[in-house]
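Q: I'm passing along final.cif; it holds mmCIF, C-alpha atoms and all ligand atoms.
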```cif
data_structure
#
loop_
_atom_site.group_PDB
_atom_site.id
_atom_site.type_symbol
_atom_site.label_atom_id
_atom_site.label_comp_id
_atom_site.auth_asym_id
_atom_site.auth_seq_id
_atom_site.Cartn_x
_atom_site.Cartn_y
_atom_site.Cartn_z
ATOM 1 C CA MET A 838 -129.460 21.289 125.482
ATOM 2 C CA THR A 839 -126.607 19.744 127.474
ATOM 3 C CA ASN A 840 -123.715 18.389 125.443
ATOM 4 C CA PRO A 841 -123.731 14.556 125.767
ATOM 5 C CA PHE A 842 -119.934 14.495 126.076
ATOM 6 C CA ASP A 843 -120.144 16.798 129.101
ATOM 7 C CA VAL A 844 -122.614 14.406 130.772
ATOM 8 C CA ALA A 845 -120.241 11.512 129.973
ATOM 9 C CA ALA A 846 -117.329 13.451 131.516
ATOM 10 C CA GLU A 847 -119.426 14.084 134.657
ATOM 11 C CA ALA A 848 -120.309 10.390 134.813
ATOM 12 C CA ALA A 849 -116.651 9.408 134.453
ATOM 13 C CA ALA A 850 -115.663 11.817 137.240
ATOM 14 C CA LYS A 851 -118.297 10.271 139.510
ATOM 15 C CA ILE A 852 -117.055 6.747 138.693
ATOM 16 C CA ALA A 853 -113.485 7.824 139.514
ATOM 17 C CA GLU A 854 -114.692 9.317 142.805
ATOM 18 C CA LEU A 855 -116.804 6.328 143.877
ATOM 19 C CA SER A 856 -114.419 3.599 142.681
ATOM 20 C CA GLY A 857 -111.148 5.273 143.629
ATOM 21 C CA ILE A 858 -109.823 4.332 140.174
ATOM 22 C CA ALA A 859 -108.774 7.414 138.206
ATOM 23 C CA ASN A 860 -108.626 5.723 134.805
ATOM 24 C CA HIS A 861 -109.938 2.542 133.242
ATOM 25 C CA ASP A 862 -108.263 0.763 130.329
ATOM 26 C CA ILE A 863 -110.976 -1.507 128.944
ATOM 27 C CA ALA A 864 -114.760 -1.300 129.099
ATOM 28 C CA LEU A 865 -117.353 -4.030 128.644
ATOM 29 C CA THR A 866 -121.074 -3.982 128.135
ATOM 30 C CA LEU A 867 -122.466 -7.323 129.229
ATOM 31 C CA GLY A 868 -125.648 -8.340 127.421
ATOM 32 C CA SER A 869 -127.925 -11.266 128.188
ATOM 33 C CA GLY A 870 -125.916 -14.417 128.818
ATOM 34 C CA TRP A 871 -122.643 -12.621 129.502
ATOM 35 C CA ALA A 872 -123.128 -11.318 133.059
ATOM 36 C CA LYS A 873 -120.969 -13.975 134.764
ATOM 37 C CA ALA A 874 -117.897 -12.754 132.887
ATOM 38 C CA ALA A 875 -117.628 -9.900 135.371
ATOM 39 C CA ASP A 876 -116.927 -12.425 138.158
ATOM 40 C CA LEU A 877 -114.206 -14.197 136.189
ATOM 41 C CA ILE A 878 -112.094 -11.426 134.721
ATOM 42 C CA GLY A 879 -110.507 -10.143 137.914
ATOM 43 C CA GLU A 880 -111.014 -8.690 141.356
ATOM 44 C CA THR A 881 -113.982 -6.351 141.764
ATOM 45 C CA VAL A 882 -112.762 -3.095 143.305
ATOM 46 C CA ALA A 883 -116.103 -1.287 143.320
ATOM 47 C CA THR A 884 -119.745 -1.936 142.475
ATOM 48 C CA ILE A 885 -121.748 1.196 141.864
ATOM 49 C CA PRO A 886 -125.505 1.279 141.252
ATOM 50 C CA ALA A 887 -125.933 2.879 137.833
ATOM 51 C CA THR A 888 -128.551 5.205 139.293
ATOM 52 C CA GLN A 889 -125.759 7.000 141.234
ATOM 53 C CA ILE A 890 -123.988 7.952 138.010
ATOM 54 C CA PRO A 891 -125.158 10.950 135.950
ATOM 55 C CA GLY A 892 -127.081 10.070 132.781
ATOM 56 C CA PHE A 893 -127.897 6.417 133.495
ATOM 57 C CA SER A 894 -131.431 5.101 133.746
ATOM 58 C CA ALA A 895 -132.772 1.984 135.467
ATOM 59 C CA PRO A 896 -132.936 -1.047 133.115
ATOM 60 C CA ALA A 897 -136.255 -2.001 131.546
ATOM 61 C CA VAL A 898 -135.825 -5.773 131.217
ATOM 62 C CA ALA A 899 -135.439 -8.502 133.839
ATOM 63 C CA GLY A 900 -132.091 -10.230 133.308
ATOM 64 C CA HIS A 901 -130.200 -6.999 132.667
ATOM 65 C CA VAL A 902 -128.157 -5.874 135.685
ATOM 66 C CA ALA A 903 -128.102 -2.228 136.728
ATOM 67 C CA SER A 904 -124.632 -1.788 138.162
ATOM 68 C CA ILE A 905 -121.292 -0.453 137.078
ATOM 69 C CA ARG A 906 -118.244 -2.364 138.284
ATOM 70 C CA SER A 907 -114.621 -1.502 138.419
ATOM 71 C CA ILE A 908 -112.451 -4.619 138.115
ATOM 72 C CA LYS A 909 -108.707 -5.036 138.539
ATOM 73 C CA LEU A 910 -107.404 -7.482 135.929
ATOM 74 C CA PRO A 911 -104.580 -9.955 136.655
ATOM 75 C CA ASN A 912 -102.256 -7.840 134.474
ATOM 76 C CA GLY A 913 -102.882 -4.751 136.636
ATOM 77 C CA LYS A 914 -105.158 -2.995 134.155
ATOM 78 C CA PHE A 915 -108.634 -1.812 135.131
ATOM 79 C CA ALA A 916 -111.851 -2.811 133.405
ATOM 80 C CA LEU A 917 -115.128 -0.949 133.655
ATOM 81 C CA VAL A 918 -118.129 -3.243 133.402
ATOM 82 C CA LEU A 919 -121.355 -1.635 132.302
ATOM 83 C CA GLY A 920 -124.241 -3.850 133.370
ATOM 84 C CA ALA A 921 -126.811 -1.213 132.586
ATOM 85 C CA ARG A 922 -127.408 -1.035 128.868
ATOM 86 C CA THR A 923 -130.204 1.247 127.718
ATOM 87 C CA HIS A 924 -131.877 -0.170 124.631
ATOM 88 C CA TYR A 925 -133.051 1.946 121.723
ATOM 89 C CA TYR A 926 -136.549 0.454 122.013
ATOM 90 C CA GLU A 927 -136.951 1.984 125.471
ATOM 91 C CA GLY A 928 -137.601 5.235 123.679
ATOM 92 C CA HIS A 929 -135.275 7.515 125.677
ATOM 93 C CA GLY A 930 -133.412 8.517 122.544
ATOM 94 C CA VAL A 931 -130.072 7.518 121.109
ATOM 95 C CA ARG A 932 -128.064 9.773 123.445
ATOM 96 C CA ARG A 933 -129.138 7.652 126.397
ATOM 97 C CA VAL A 934 -128.373 4.475 124.420
ATOM 98 C CA VAL A 935 -124.725 5.424 123.902
ATOM 99 C CA HIS A 936 -124.144 7.206 127.206
ATOM 100 C CA GLY A 937 -122.414 4.142 128.711
ATOM 101 C CA VAL A 938 -119.997 3.927 125.800
ATOM 102 C CA ARG A 939 -119.199 7.642 125.962
ATOM 103 C CA THR A 940 -118.741 7.385 129.721
ATOM 104 C CA ALA A 941 -116.365 4.457 129.225
ATOM 105 C CA ALA A 942 -114.310 6.540 126.789
ATOM 106 C CA ALA A 943 -114.289 9.420 129.273
ATOM 107 C CA THR A 944 -112.852 7.100 131.969
ATOM 108 C CA GLY A 945 -109.923 6.511 129.633
ATOM 109 C CA ALA A 946 -110.930 3.173 128.125
ATOM 110 C CA LYS A 947 -109.235 2.520 124.782
ATOM 111 C CA THR A 948 -110.999 -0.793 124.128
ATOM 112 C CA MET A 949 -114.760 -1.301 124.111
ATOM 113 C CA ILE A 950 -116.089 -4.845 124.306
ATOM 114 C CA LEU A 951 -119.745 -5.005 123.297
ATOM 115 C CA THR A 952 -121.601 -8.237 124.044
ATOM 116 C CA ASN A 953 -125.212 -9.177 123.463
ATOM 117 C CA GLY A 954 -127.684 -12.004 123.210
ATOM 118 C CA ALA A 955 -129.045 -12.263 119.671
ATOM 119 C CA GLY A 956 -130.826 -14.350 117.107
ATOM 120 C CA GLY A 957 -128.861 -16.426 114.600
ATOM 121 C CA ILE A 958 -129.553 -16.684 110.889
ATOM 122 C CA LYS A 959 -126.873 -19.285 110.072
ATOM 123 C CA GLU A 960 -128.466 -22.684 110.601
ATOM 124 C CA THR A 961 -125.194 -24.200 111.750
ATOM 125 C CA TRP A 962 -125.320 -22.033 114.892
ATOM 126 C CA LYS A 963 -127.052 -23.808 117.768
ATOM 127 C CA PRO A 964 -128.484 -21.783 120.682
ATOM 128 C CA GLY A 965 -125.604 -21.150 123.081
ATOM 129 C CA THR A 966 -123.023 -20.446 120.353
ATOM 130 C CA PRO A 967 -120.819 -17.356 120.834
ATOM 131 C CA VAL A 968 -120.039 -15.500 117.591
ATOM 132 C CA LEU A 969 -117.673 -12.636 116.759
ATOM 133 C CA ILE A 970 -119.280 -9.612 115.126
ATOM 134 C CA SER A 971 -117.374 -8.818 111.926
ATOM 135 C CA ASP A 972 -119.470 -5.842 110.789
ATOM 136 C CA HIS A 973 -122.972 -4.482 111.177
ATOM 137 C CA ILE A 974 -126.018 -3.246 109.295
ATOM 138 C CA ASN A 975 -127.809 -0.528 111.217
ATOM 139 C CA LEU A 976 -131.529 -0.858 110.507
ATOM 140 C CA THR A 977 -132.672 1.626 113.147
ATOM 141 C CA ALA A 978 -132.567 4.568 110.729
ATOM 142 C CA ASP A 979 -130.887 6.487 113.543
ATOM 143 C CA SER A 980 -127.360 7.473 114.568
ATOM 144 C CA PRO A 981 -125.652 8.614 117.751
ATOM 145 C CA LEU A 982 -123.803 11.223 115.692
ATOM 146 C CA GLU A 983 -125.332 14.657 115.601
ATOM 147 C CA GLY A 984 -124.963 17.255 112.888
ATOM 148 C CA ALA A 985 -122.395 17.021 110.108
ATOM 149 C CA THR A 986 -120.231 14.478 111.922
ATOM 150 C CA PHE A 987 -118.840 12.186 109.245
ATOM 151 C CA ILE A 988 -117.152 9.177 110.794
ATOM 152 C CA ASP A 989 -115.496 6.332 108.887
ATOM 153 C CA LEU A 990 -116.775 2.884 109.910
ATOM 154 C CA THR A 991 -114.266 0.697 108.061
ATOM 155 C CA ASP A 992 -112.939 -2.114 110.306
ATOM 156 C CA LEU A 993 -115.408 -0.968 112.990
ATOM 157 C CA TYR A 994 -115.149 -4.348 114.721
ATOM 158 C CA SER A 995 -111.386 -4.604 114.960
ATOM 159 C CA LYS A 996 -109.811 -7.353 112.869
ATOM 160 C CA ARG A 997 -106.908 -7.335 115.319
ATOM 161 C CA LEU A 998 -109.221 -8.103 118.254
ATOM 162 C CA ARG A 999 -111.171 -10.723 116.300
ATOM 163 C CA ASP A 1000 -107.924 -12.488 115.438
ATOM 164 C CA LEU A 1001 -106.865 -12.265 119.071
ATOM 165 C CA ALA A 1002 -110.179 -13.822 120.169
ATOM 166 C CA LYS A 1003 -109.602 -16.676 117.720
ATOM 167 C CA THR A 1004 -106.259 -17.433 119.325
ATOM 168 C CA VAL A 1005 -108.266 -18.211 122.478
ATOM 169 C CA ASP A 1006 -110.928 -20.270 120.653
ATOM 170 C CA GLN A 1007 -110.236 -21.277 117.052
ATOM 171 C CA SER A 1008 -113.808 -22.491 116.620
ATOM 172 C CA LEU A 1009 -115.229 -18.944 116.937
ATOM 173 C CA ASP A 1010 -117.245 -18.044 113.846
ATOM 174 C CA GLU A 1011 -117.979 -14.502 112.649
ATOM 175 C CA GLY A 1012 -121.039 -12.754 111.330
ATOM 176 C CA VAL A 1013 -122.644 -9.470 110.340
ATOM 177 C CA TYR A 1014 -124.926 -8.080 113.038
ATOM 178 C CA CYS A 1015 -128.204 -6.453 111.978
ATOM 179 C CA GLN A 1016 -129.624 -4.066 114.544
ATOM 180 C CA PHE A 1017 -133.405 -3.872 114.393
ATOM 181 C CA ARG A 1018 -135.318 -1.376 116.493
ATOM 182 C CA GLY A 1019 -137.352 -4.014 118.401
ATOM 183 C CA PRO A 1020 -138.726 -4.701 120.948
ATOM 184 C CA HIS A 1021 -140.724 -7.150 118.840
ATOM 185 C CA TYR A 1022 -138.672 -9.919 117.285
ATOM 186 C CA GLU A 1023 -138.545 -9.998 113.484
ATOM 187 C CA THR A 1024 -141.083 -11.559 111.200
ATOM 188 C CA PRO A 1025 -139.711 -14.493 109.196
ATOM 189 C CA ALA A 1026 -139.832 -12.203 106.114
ATOM 190 C CA GLU A 1027 -137.684 -9.617 107.892
ATOM 191 C CA VAL A 1028 -135.188 -12.317 108.829
ATOM 192 C CA GLN A 1029 -135.042 -13.340 105.137
ATOM 193 C CA MET A 1030 -134.442 -9.691 104.237
ATOM 194 C CA ALA A 1031 -131.608 -9.499 106.761
ATOM 195 C CA LYS A 1032 -130.124 -12.667 105.263
ATOM 196 C CA HIS A 1033 -130.382 -11.323 101.713
ATOM 197 C CA ILE A 1034 -128.662 -8.052 102.553
ATOM 198 C CA GLY A 1035 -125.750 -9.898 104.143
ATOM 199 C CA GLY A 1036 -126.758 -10.299 107.786
ATOM 200 C CA HIS A 1037 -126.068 -13.334 109.974
ATOM 201 C CA ILE A 1038 -127.123 -12.109 113.432
ATOM 202 C CA VAL A 1039 -130.248 -10.161 114.447
ATOM 203 C CA GLY A 1040 -130.407 -8.060 117.575
ATOM 204 C CA MET A 1041 -131.621 -4.879 119.214
ATOM 205 C CA SER A 1042 -128.416 -3.239 120.463
ATOM 206 C CA THR A 1043 -124.714 -2.875 119.731
ATOM 207 C CA ALA A 1044 -124.616 -1.164 116.290
ATOM 208 C CA LEU A 1045 -125.469 2.304 117.630
ATOM 209 C CA GLU A 1046 -123.070 1.739 120.543
ATOM 210 C CA ALA A 1047 -120.276 0.691 118.179
ATOM 211 C CA ILE A 1048 -120.703 3.867 116.130
ATOM 212 C CA ALA A 1049 -120.390 5.989 119.277
ATOM 213 C CA ALA A 1050 -117.370 3.962 120.425
ATOM 214 C CA ARG A 1051 -115.667 4.587 117.082
ATOM 215 C CA GLN A 1052 -116.445 8.299 117.330
ATOM 216 C CA SER A 1053 -114.695 8.271 120.726
ATOM 217 C CA GLY A 1054 -111.669 6.570 119.196
ATOM 218 C CA MET A 1055 -111.985 3.201 120.923
ATOM 219 C CA GLU A 1056 -111.044 -0.159 119.404
ATOM 220 C CA ILE A 1057 -114.095 -2.430 119.386
ATOM 221 C CA LEU A 1058 -114.638 -6.124 119.986
ATOM 222 C CA GLY A 1059 -118.209 -7.336 119.402
ATOM 223 C CA LEU A 1060 -119.489 -10.700 120.621
ATOM 224 C CA SER A 1061 -122.972 -12.145 120.216
ATOM 225 C CA LEU A 1062 -124.321 -15.115 122.095
ATOM 226 C CA ILE A 1063 -126.770 -16.812 119.749
ATOM 227 C CA THR A 1064 -129.580 -17.591 122.194
ATOM 228 C CA ASN A 1065 -132.108 -18.534 119.533
ATOM 229 C CA LEU A 1066 -132.328 -19.084 115.829
ATOM 230 C CA ALA A 1067 -134.051 -16.084 114.239
ATOM 231 C CA ALA A 1068 -137.782 -16.255 113.500
ATOM 232 C CA GLY A 1069 -138.615 -18.623 110.652
ATOM 233 C CA ILE A 1070 -135.128 -20.184 110.806
ATOM 234 C CA GLN A 1071 -136.217 -21.824 114.037
ATOM 235 C CA LYS A 1072 -139.531 -23.608 113.485
ATOM 236 C CA THR A 1073 -141.064 -22.778 116.877
ATOM 237 C CA PRO A 1074 -142.110 -19.292 118.083
ATOM 238 C CA LEU A 1075 -139.527 -17.228 120.006
ATOM 239 C CA SER A 1076 -139.973 -16.779 123.739
ATOM 240 C CA HIS A 1077 -138.051 -14.448 126.039
ATOM 241 C CA ALA A 1078 -137.947 -17.226 128.675
ATOM 242 C CA GLU A 1079 -136.148 -19.552 126.232
ATOM 243 C CA VAL A 1080 -133.733 -16.807 125.347
ATOM 244 C CA LEU A 1081 -132.846 -16.334 129.030
ATOM 245 C CA GLU A 1082 -132.518 -20.099 129.499
ATOM 246 C CA ALA A 1083 -130.106 -20.484 126.565
ATOM 247 C CA GLY A 1084 -128.128 -17.611 128.034
ATOM 248 C CA ARG A 1085 -127.952 -19.275 131.445
ATOM 249 C CA ASP A 1086 -126.860 -22.600 129.961
ATOM 250 C CA ALA A 1087 -124.023 -21.048 127.962
ATOM 251 C CA GLU A 1088 -123.050 -18.424 130.517
ATOM 252 C CA ALA A 1089 -120.191 -20.180 132.314
ATOM 253 C CA ARG A 1090 -118.464 -21.224 129.093
ATOM 254 C CA ILE A 1091 -118.742 -17.934 127.234
ATOM 255 C CA SER A 1092 -117.818 -15.946 130.332
ATOM 256 C CA ALA A 1093 -114.622 -17.980 130.695
ATOM 257 C CA LEU A 1094 -113.925 -17.363 127.011
ATOM 258 C CA LEU A 1095 -114.369 -13.620 127.424
ATOM 259 C CA ALA A 1096 -112.219 -13.563 130.565
ATOM 260 C CA GLU A 1097 -109.398 -15.273 128.683
ATOM 261 C CA ILE A 1098 -109.694 -12.891 125.734
ATOM 262 C CA ILE A 1099 -109.449 -9.909 128.078
ATOM 263 C CA THR A 1100 -106.178 -11.063 129.599
ATOM 264 C CA LYS A 1101 -104.673 -10.921 126.083
ATOM 265 C CA ILE A 1102 -105.805 -7.410 125.137
HETATM 266 I I1 LIG B 1201 -131.677 -12.681 122.808
HETATM 267 O O1 LIG B 1201 -134.130 -13.154 117.421
HETATM 268 C C1 LIG B 1201 -132.378 -12.023 121.062
HETATM 269 N N1 LIG B 1201 -132.387 -10.724 120.785
HETATM 270 N N2 LIG B 1201 -133.891 -8.602 116.951
HETATM 271 N N3 LIG B 1201 -134.019 -10.908 117.186
HETATM 272 C C2 LIG B 1201 -133.693 -9.700 117.673
HETATM 273 N N4 LIG B 1201 -133.143 -9.534 118.861
HETATM 274 C C3 LIG B 1201 -132.923 -10.635 119.583
HETATM 275 C C4 LIG B 1201 -133.236 -11.906 119.149
HETATM 276 C C5 LIG B 1201 -133.823 -12.066 117.872
HETATM 277 N N5 LIG B 1201 -132.891 -12.779 120.107
#
```
Now that the file is in, can you turn its structure into structure tokens?
A:
Amino acid sequence: MTNPFDVAAEAAAKIAELSGIANHDIALTLGSGWAKAADLIGETVATIPATQIPGFSAPAVAGHVASIRSIKLPNGKFALVLGARTHYYEGHGVRRVVHGVRTAAATGAKTMILTNGAGGIKETWKPGTPVLISDHINLTADSPLEGATFIDLTDLYSKRLRDLAKTVDQSLDEGVYCQFRGPHYETPAEVQMAKHIGGHIVGMSTALEAIAARQSGMEILGLSLITNLAAGIQKTPLSHAEVLEAGRDAEARISALLAEIITKI
């Protein structure tokens, strides 16, 4: 079987060729609600359909963009924007899930910003609230690491970067992200379980990606947009349409926030 790091190196070489940018400094995965950030952080140098890059697959969900962008930041650094997240629930295996992160590392990125849309367990969080991820609980029973690869996950979501984000917006709260397999949302009982084991945010991405980013030596910033209160916390049933709507409503504000954070990294 092909080594996943070789595929990531091939992907990075193709990005360098098609973008004309030999190395990137920062990488971002933009989840639902965060897509506009790409337009605010700098000048787009190249937009590459993800399908032209080795190892990427077309996205499964409407509202997720399938392109990879190279952006020149005001400070002269280059950011790689991955708009083509592969979710674990798509069933292509965890290698495909973390391919974007490994590709980002292979382009030279030292910082990985992981964003997502997620459900909130804290009742004080209204839909549209951005939250810093302080740690995670991986409930997928899977790992991107293969074989006897023992990787420390202390301070996985960099305290330094969380503090930096708070200098931009002091009102930013933090929480522990629980990754469920999905694609179904949780039952109210599962949300209560997540709460009891120390979770504040429920989602279907990010934790596996963060583990791979740590393995590649990147510093990680995790941001969730709370698009809905988790099942049972919110009294009405969850709908994907509402989730997209909350994302759209908050998009301009959180994208500006992210753009400002990036200039400080
Ligand atoms: I957006 O309530 C979004 N993604 N697991 N639960 C899970 N994922 C989500 C949710 C949610 N909302």
Q: Can you spell out as an NGL selection string the set of residues that the PyMOL selection byres (((not hetatm)) within 6 of (chain B and resi 1201)) selects in the structure I just provided?
A: :A and (954-956 or 1017 or 1019 or 1022-1023 or 1039-1041 or 1064-1065 or 1067 or 1080)
Q: Take the residues that were just selected and, keeping C-alpha atoms, output them as a compact mmCIF listing (two decimals), in the frame of the given file.
A:
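Done, and the output landed in again-v8.txt:
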```
# COMPACT_ATOMS: atom_id res chain seq x y z
CA GLY A 954 -127.68 -12.00 123.21
CA ALA A 955 -129.04 -12.26 119.67
CA GLY A 956 -130.83 -14.35 117.11
CA PHE A 1017 -133.40 -3.87 114.39
CA GLY A 1019 -137.35 -4.01 118.40
CA TYR A 1022 -138.67 -9.92 117.28
CA GLU A 1023 -138.54 -10.00 113.48
CA VAL A 1039 -130.25 -10.16 114.45
CA GLY A 1040 -130.41 -8.06 117.58
CA MET A 1041 -131.62 -4.88 119.21
CA THR A 1064 -129.58 -17.59 122.19
CA ASN A 1065 -132.11 -18.53 119.53
CA ALA A 1067 -134.05 -16.08 114.24
CA VAL A 1080 -133.73 -16.81 125.35
```
Q: With distances taken over all atoms listed in the file, which of A:Asn840, A:Thr1024, A:Gln1052, A:Thr1073 is nearest to Ile988 (chain A)?
A: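 Counting all atoms listed in the file, the residue closest to Ile988 (chain A) is A:Gln1052.
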Q: I need the output of the PyMOL selection byres (((chain A and resi 1066) around 8) and not hetatm) for this file as a short mmCIF file (atom, residue, chain, number, x, y, z; two decimals) with C-alpha atoms, in the frame of the given file; which residues are they?
A:
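As a result, selection.cif now contains:
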```cif
data_model
loop_
_atom_site.label_atom_id
_atom_site.label_comp_id
_atom_site.auth_asym_id
_atom_site.auth_seq_id
_atom_site.Cartn_x
_atom_site.Cartn_y
_atom_site.Cartn_z
CA GLY A 956 -130.83 -14.35 117.11
CA GLY A 957 -128.86 -16.43 114.60
CA ILE A 958 -129.55 -16.68 110.89
CA LYS A 959 -126.87 -19.28 110.07
CA GLU A 960 -128.47 -22.68 110.60
CA TRP A 962 -125.32 -22.03 114.89
CA LYS A 963 -127.05 -23.81 117.77
CA PRO A 964 -128.48 -21.78 120.68
CA ILE A 1063 -126.77 -16.81 119.75
CA THR A 1064 -129.58 -17.59 122.19
CA ASN A 1065 -132.11 -18.53 119.53
CA ALA A 1067 -134.05 -16.08 114.24
CA ALA A 1068 -137.78 -16.26 113.50
CA ILE A 1070 -135.13 -20.18 110.81
CA GLN A 1071 -136.22 -21.82 114.04
#
```
Q: To test your reading of the syntax: which residues would the PyMOL selection byres (((chain A and resi 1053) around 10) and not hetatm) return for the file shown? Reply as an mmCIF file with C-alpha atoms, in the frame of the given file.
A:
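Below you can see selection-v2.cif, which holds the result:
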```cif
data_model
loop_
_atom_site.group_PDB
_atom_site.id
_atom_site.type_symbol
_atom_site.label_atom_id
_atom_site.label_comp_id
_atom_site.auth_asym_id
_atom_site.auth_seq_id
_atom_site.Cartn_x
_atom_site.Cartn_y
_atom_site.Cartn_z
ATOM 1 C CA PHE A 842 -119.934 14.495 126.076
ATOM 2 C CA VAL A 938 -119.997 3.927 125.800
ATOM 3 C CA ARG A 939 -119.199 7.642 125.962
ATOM 4 C CA THR A 940 -118.741 7.385 129.721
ATOM 5 C CA ALA A 941 -116.365 4.457 129.225
ATOM 6 C CA ALA A 942 -114.310 6.540 126.789
ATOM 7 C CA ALA A 943 -114.289 9.420 129.273
ATOM 8 C CA ALA A 946 -110.930 3.173 128.125
ATOM 9 C CA LYS A 947 -109.235 2.520 124.782
ATOM 10 C CA ALA A 1047 -120.276 0.691 118.179
ATOM 11 C CA ILE A 1048 -120.703 3.867 116.130
ATOM 12 C CA ALA A 1049 -120.390 5.989 119.277
ATOM 13 C CA ALA A 1050 -117.370 3.962 120.425
ATOM 14 C CA ARG A 1051 -115.667 4.587 117.082
ATOM 15 C CA GLN A 1052 -116.445 8.299 117.330
ATOM 16 C CA GLY A 1054 -111.669 6.570 119.196
ATOM 17 C CA MET A 1055 -111.985 3.201 120.923
ATOM 18 C CA GLU A 1056 -111.044 -0.159 119.404
#
```
Q: Residues at most 7 Å from Gly1059 (chain A), counting only C-alpha atoms, excluding those fewer than 4 positions away in the same chain, as a list in words?
A: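 Counting only C-alpha atoms, the residues come to Ile950, Leu951, Thr952, Leu969, Ile970 and Tyr994 of chain A.
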Q: So, with all atoms listed in the file as the atoms that count, which of A:Ala1089, A:Leu917, A:Cys1015, A:Ala1078 lies closest to Leu865 (chain A)?
A: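 The closest residue to Leu865 (chain A) is A:Leu917.
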Q: From the set A:Pro1074, A:Gly937, A:Gly1069, A:Gly984, which residue has the shortest atom-to-atom contact distance to Ile890 (chain A), counting all atoms listed in the file?
A: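 Between A:Pro1074, A:Gly937, A:Gly1069, A:Gly984, the residue approaching Ile890 (chain A) most closely is A:Gly937.
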Q: Go through A:Val968, A:Ile974, A:Leu1045, A:Ile858 one by one, measure the shortest atom-to-atom distance of each to Leu1094 (chain A) using only C-alpha atoms, and give the residue with the smallest value.
A: A:Val968
Q: Any idea what the distance is between CA of Ala853 (chain A) and CA of Gly892 (chain A)?
A: 15.3 Å
Q: At what distance in Å, to one decimal, does CA of Gly1012 (chain A) lie from CA of Arg999 (chain A)?
A: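 We find that CA of Arg999 (chain A) and CA of Gly1012 (chain A) lie 11.2 Å from each other.
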Q: Would you mind reading off the distance between CA of Arg906 (chain A) and CA of Ile1098 (chain A), one decimal, in Å?
A: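 Rounded to one decimal, the two atoms are 18.5 Å apart.
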Q: Using 12 Å as the limit and counting only C-alpha atoms, can you tabulate each residue of region 911-961 of chain A that touches region 976-982 of chain A, with its shortest atom-to-atom distance in Å and the two atoms involved, as a Markdown table?
A:
```
| residue | atom | partner | partner_atom | distance |
| --- | --- | --- | --- | --- |
| A:His924 | CA | A:Thr977 | CA | 11.7 |
| A:Tyr925 | CA | A:Thr977 | CA | 8.6 |
| A:Tyr926 | CA | A:Thr977 | CA | 9.7 |
| A:Gly930 | CA | A:Pro981 | CA | 9.1 |
| A:Val931 | CA | A:Pro981 | CA | 5.7 |
| A:Arg932 | CA | A:Pro981 | CA | 6.3 |
| A:Arg933 | CA | A:Pro981 | CA | 9.4 |
| A:Val934 | CA | A:Pro981 | CA | 8.3 |
| A:Val935 | CA | A:Pro981 | CA | 7.0 |
| A:His936 | CA | A:Pro981 | CA | 9.7 |
| A:Val938 | CA | A:Pro981 | CA | 10.9 |
| A:Arg939 | CA | A:Pro981 | CA | 10.5 |
```
Q: Which of these, A:Ala848, A:Asn953, A:Asn912, A:Lys1101, has the shortest distance to Glu1088 (chain A) once you count all atoms listed in the file?
A: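 Nearest candidate to Glu1088 (chain A) out of A:Ala848, A:Asn953, A:Asn912, A:Lys1101: A:Asn953.
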Q: Residues within 12 Å of Ser971 (chain A), please, as a list in words. Count all atoms listed in the file; anything in the same chain fewer than 5 positions from it doesn't count.
A: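 Everything that qualifies: Leu990, Thr991, Asp992, Leu993, Tyr994, Ser995, Lys996, Arg997, Leu998, Arg999, Asp1000, Leu1009, Asp1010, Glu1011, Gly1012, Val1013, Tyr1014, Cys1015, Gly1035, Gly1036, His1037, Ile1038, Ala1044, Ala1047, Ile1057, Leu1058, Gly1059, Leu1060 and Ser1061 of chain A.
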Q: For the point (-121.8, -3.7, 132.0) in file coordinates, what residues are within 6 Å, counting all atoms listed in the file? Give the answer as a PDB file with C-alpha atoms, in the coordinates of the input?
A:
```pdb
ATOM      1  CA  LEU A 865    -117.353  -4.030 128.644  1.00  0.00           C
ATOM      2  CA  THR A 866    -121.074  -3.982 128.135  1.00  0.00           C
ATOM      3  CA  LEU A 867    -122.466  -7.323 129.229  1.00  0.00           C
ATOM      4  CA  VAL A 918    -118.129  -3.243 133.402  1.00  0.00           C
ATOM      5  CA  LEU A 919    -121.355  -1.635 132.302  1.00  0.00           C
ATOM      6  CA  GLY A 920    -124.241  -3.850 133.370  1.00  0.00           C
ATOM      7  CA  ALA A 921    -126.811  -1.213 132.586  1.00  0.00           C
TER       8      ALA A 921
END
```
Q: When distances are computed from all atoms listed in the file, which of A:Trp871, A:Phe987, A:Phe893, A:Phe915 shows the smallest separation from Asp1086 (chain A)?
A: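 Under the stated criterion, the closest residue is A:Trp871.
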